[in-house]
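Note sheet for the following structure.
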Amino acid sequence: QVQLVESGGGLVQPGGSLRLSCAASGSIFSRNGMGWYRQAPGKERELVASLTTLGNRNYADSVKGRFALSRDNAKNTVYLQMNSLKPEDTAAYYCNVVILGHAFWGQGTQVTVSS
């Protein structure tokens, strides 16, 4: 059973930074691509950033230049460094991996950007 656990969320002022972590129960990220999604109240879940097994990164236009993905295969963990945070970044953030057509999600971590 694949398990994903997000952490690192919290309350931060506009312009601040947070680093989210997504820890997997096994060597998943070295063999499968993954994505970070977010969902704000009343809005649909949206893809924020994705990382392929080859290390290719893609970012939503709204976060380009501010967010950065990295991966530590030894720790089975993917990180989302978020800088220059804005109030509109406030949302629950989830990591996702699709294995053989089955989508796995973590429980999410809340990010709140407010003064």
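Chain lettering (A, B, ...) mirrors the order of the structure tokens, residue numbering begins at 1 for each chain separately, and ligand numbering begins at 1 in order of display.
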Please list as JSON, numbers by chain every residue within 8 Å of Thr112 of chain A, counting only C-alpha atoms and excluding residues in the same chain fewer than 4 positions away.
{"A": [9, 10, 11, 12, 87, 89, 90, 91]}
Just to be explicit: take each residue in the selection above, keep all heavy atoms, and write the result as a PDB file, in the first residue's frame.
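So the final result, stored in selection21.pdb, reads:
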```
ATOM      1  N   GLY A   9       3.343  22.643   6.326  1.00  0.00           N
ATOM      2  CA  GLY A   9       2.437  23.764   6.189  1.00  0.00           C
ATOM      3  C   GLY A   9       2.391  24.617   7.449  1.00  0.00           C
ATOM      4  O   GLY A   9       2.983  24.276   8.476  1.00  0.00           O
ATOM      5  N   GLY A  10       1.697  25.739   7.342  1.00  0.00           N
ATOM      6  CA  GLY A  10       1.568  26.620   8.492  1.00  0.00           C
ATOM      7  C   GLY A  10       1.078  27.991   8.092  1.00  0.00           C
ATOM      8  O   GLY A  10       0.645  28.209   6.953  1.00  0.00           O
ATOM      9  N   LEU A  11       1.167  28.896   9.037  1.00  0.00           N
ATOM     10  CA  LEU A  11       0.769  30.282   8.829  1.00  0.00           C
ATOM     11  C   LEU A  11       2.019  31.117   8.549  1.00  0.00           C
ATOM     12  O   LEU A  11       2.986  31.058   9.320  1.00  0.00           O
ATOM     13  CB  LEU A  11       0.040  30.813  10.060  1.00  0.00           C
ATOM     14  CG  LEU A  11      -0.308  32.298  10.074  1.00  0.00           C
ATOM     15  CD1 LEU A  11      -1.294  32.634   8.954  1.00  0.00           C
ATOM     16  CD2 LEU A  11      -0.882  32.682  11.440  1.00  0.00           C
ATOM     17  N   VAL A  12       1.984  31.874   7.479  1.00  0.00           N
ATOM     18  CA  VAL A  12       3.133  32.698   7.115  1.00  0.00           C
ATOM     19  C   VAL A  12       2.640  34.032   6.591  1.00  0.00           C
ATOM     20  O   VAL A  12       1.548  34.118   6.014  1.00  0.00           O
ATOM     21  CB  VAL A  12       4.004  31.958   6.064  1.00  0.00           C
ATOM     22  CG1 VAL A  12       3.241  31.738   4.767  1.00  0.00           C
ATOM     23  CG2 VAL A  12       5.311  32.679   5.826  1.00  0.00           C
ATOM     24  N   PRO A  87      -1.222  35.848  -0.453  1.00  0.00           N
ATOM     25  CA  PRO A  87      -2.483  35.383   0.154  1.00  0.00           C
ATOM     26  C   PRO A  87      -3.230  34.394  -0.745  1.00  0.00           C
ATOM     27  O   PRO A  87      -3.867  33.465  -0.234  1.00  0.00           O
ATOM     28  CB  PRO A  87      -3.270  36.684   0.347  1.00  0.00           C
ATOM     29  CG  PRO A  87      -2.214  37.726   0.538  1.00  0.00           C
ATOM     30  CD  PRO A  87      -1.102  37.321  -0.376  1.00  0.00           C
ATOM     31  N   ASP A  89      -2.056  32.067  -2.343  1.00  0.00           N
ATOM     32  CA  ASP A  89      -1.455  30.735  -2.225  1.00  0.00           C
ATOM     33  C   ASP A  89      -2.085  29.936  -1.082  1.00  0.00           C
ATOM     34  O   ASP A  89      -1.788  28.747  -0.921  1.00  0.00           O
ATOM     35  CB  ASP A  89       0.055  30.832  -1.994  1.00  0.00           C
ATOM     36  CG  ASP A  89       0.802  31.435  -3.170  1.00  0.00           C
ATOM     37  OD1 ASP A  89       0.463  31.074  -4.320  1.00  0.00           O
ATOM     38  OD2 ASP A  89       1.705  32.256  -2.936  1.00  0.00           O
ATOM     39  N   THR A  90      -2.933  30.583  -0.309  1.00  0.00           N
ATOM     40  CA  THR A  90      -3.593  29.906   0.800  1.00  0.00           C
ATOM     41  C   THR A  90      -4.450  28.756   0.292  1.00  0.00           C
ATOM     42  O   THR A  90      -5.312  28.938  -0.573  1.00  0.00           O
ATOM     43  CB  THR A  90      -4.463  30.898   1.581  1.00  0.00           C
ATOM     44  OG1 THR A  90      -3.622  31.886   2.182  1.00  0.00           O
ATOM     45  CG2 THR A  90      -5.272  30.190   2.657  1.00  0.00           C
ATOM     46  N   ALA A  91      -4.181  27.563   0.806  1.00  0.00           N
ATOM     47  CA  ALA A  91      -4.892  26.365   0.360  1.00  0.00           C
ATOM     48  C   ALA A  91      -4.380  25.171   1.143  1.00  0.00           C
ATOM     49  O   ALA A  91      -3.362  25.263   1.843  1.00  0.00           O
ATOM     50  CB  ALA A  91      -4.660  26.125  -1.135  1.00  0.00           C
TER      51      ALA A  91
END
```
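For Val98 of chain A, the residues within 10 Å (counting only C-alpha atoms, excluding itself and residues fewer than 5 positions away along the chain) are A:Ile28, A:Asn32, A:Gly33, A:Met34, A:Gly35, A:Ala103, A:Phe104, A:Trp105.
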Save out the residues we just selected, C-alpha atoms, as a compact mmCIF listing (two decimals), in the first residue's frame.
```
# COMPACT_ATOMS: atom_id res chain seq x y z
CA ILE A 28 8.15 5.53 -5.29
CA ASN A 32 7.09 7.37 -10.77
CA GLY A 33 6.33 10.97 -11.48
CA MET A 34 4.50 12.99 -8.87
CA GLY A 35 2.59 16.19 -8.45
CA ALA A 103 -3.93 7.68 -7.93
CA PHE A 104 -2.59 7.96 -4.41
CA TRP A 105 -2.98 11.08 -2.27
```
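Among the candidates A:Asn76, A:Pro41, A:Ser17, A:Tyr93, the one nearest to Gly108 of chain A when counting only C-alpha atoms is A:Tyr93.
Residues in contact with Asn56 of chain A at 10 Å, where only C-alpha atoms are counted and same-chain residues fewer than 5 positions away are skipped, are listed as Gly33, Ser50, Leu51 and Leu69 of chain A.
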Would you write out those residues with N, CA, C and O atoms, as a PDB file, in the first residue's frame?
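File produced: result-v6.pdb:
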```
ATOM      1  N   GLY A  33       6.470   9.533 -11.599  1.00  0.00           N
ATOM      2  CA  GLY A  33       6.333  10.973 -11.480  1.00  0.00           C
ATOM      3  C   GLY A  33       5.366  11.314 -10.363  1.00  0.00           C
ATOM      4  O   GLY A  33       4.635  10.458  -9.871  1.00  0.00           O
ATOM      5  N   SER A  50       4.802  19.627 -10.934  1.00  0.00           N
ATOM      6  CA  SER A  50       4.961  18.196 -11.178  1.00  0.00           C
ATOM      7  C   SER A  50       6.422  17.886 -11.467  1.00  0.00           C
ATOM      8  O   SER A  50       7.179  18.735 -11.958  1.00  0.00           O
ATOM      9  N   LEU A  51       6.765  16.644 -11.150  1.00  0.00           N
ATOM     10  CA  LEU A  51       8.153  16.195 -11.284  1.00  0.00           C
ATOM     11  C   LEU A  51       8.148  14.815 -11.909  1.00  0.00           C
ATOM     12  O   LEU A  51       7.466  13.923 -11.414  1.00  0.00           O
ATOM     13  N   LEU A  69      10.618  22.547  -6.934  1.00  0.00           N
ATOM     14  CA  LEU A  69      10.573  21.145  -6.527  1.00  0.00           C
ATOM     15  C   LEU A  69      11.985  20.593  -6.387  1.00  0.00           C
ATOM     16  O   LEU A  69      12.877  20.934  -7.164  1.00  0.00           O
TER      17      LEU A  69
END
```
Which parts of chain A does DSSP call strand (DSSP E) when run on the backbone here, written out as a PyMOL selection string?
chain A and resi 4-7+10-12+18-24+34-39+46-51+57-59+67-72+77-82+91-99+102-105+109-113
DSSP on the backbone, helix (DSSP H, G or I) only: what residues of chain A does that give? Format it as a PDB file with N, CA and C atoms, in the first residue's frame.
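After the write, result-v8.pdb holds the following:
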```pdb
ATOM      1  N   ASN A  73      15.914  10.962  -3.196  1.00  0.00           N
ATOM      2  CA  ASN A  73      15.548   9.554  -3.369  1.00  0.00           C
ATOM      3  C   ASN A  73      15.928   8.713  -2.154  1.00  0.00           C
ATOM      4  N   ALA A  74      16.999   9.080  -1.501  1.00  0.00           N
ATOM      5  CA  ALA A  74      17.435   8.307  -0.325  1.00  0.00           C
ATOM      6  C   ALA A  74      16.401   8.387   0.802  1.00  0.00           C
ATOM      7  N   LYS A  75      15.691   9.505   0.868  1.00  0.00           N
ATOM      8  CA  LYS A  75      14.676   9.691   1.908  1.00  0.00           C
ATOM      9  C   LYS A  75      13.261   9.450   1.391  1.00  0.00           C
ATOM     10  N   PRO A  87      -1.222  35.848  -0.453  1.00  0.00           N
ATOM     11  CA  PRO A  87      -2.483  35.383   0.154  1.00  0.00           C
ATOM     12  C   PRO A  87      -3.230  34.394  -0.745  1.00  0.00           C
ATOM     13  N   GLU A  88      -3.133  34.549  -2.040  1.00  0.00           N
ATOM     14  CA  GLU A  88      -3.823  33.640  -2.948  1.00  0.00           C
ATOM     15  C   GLU A  88      -3.190  32.253  -3.006  1.00  0.00           C
ATOM     16  N   ASP A  89      -2.056  32.067  -2.343  1.00  0.00           N
ATOM     17  CA  ASP A  89      -1.455  30.735  -2.225  1.00  0.00           C
ATOM     18  C   ASP A  89      -2.085  29.936  -1.082  1.00  0.00           C
TER      19      ASP A  89
END
```
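Counting only C-alpha atoms, the residue from A:Thr77, A:Trp36, A:Gln3, A:Asn83 that sits nearest to Ala60 of chain A is A:Trp36.
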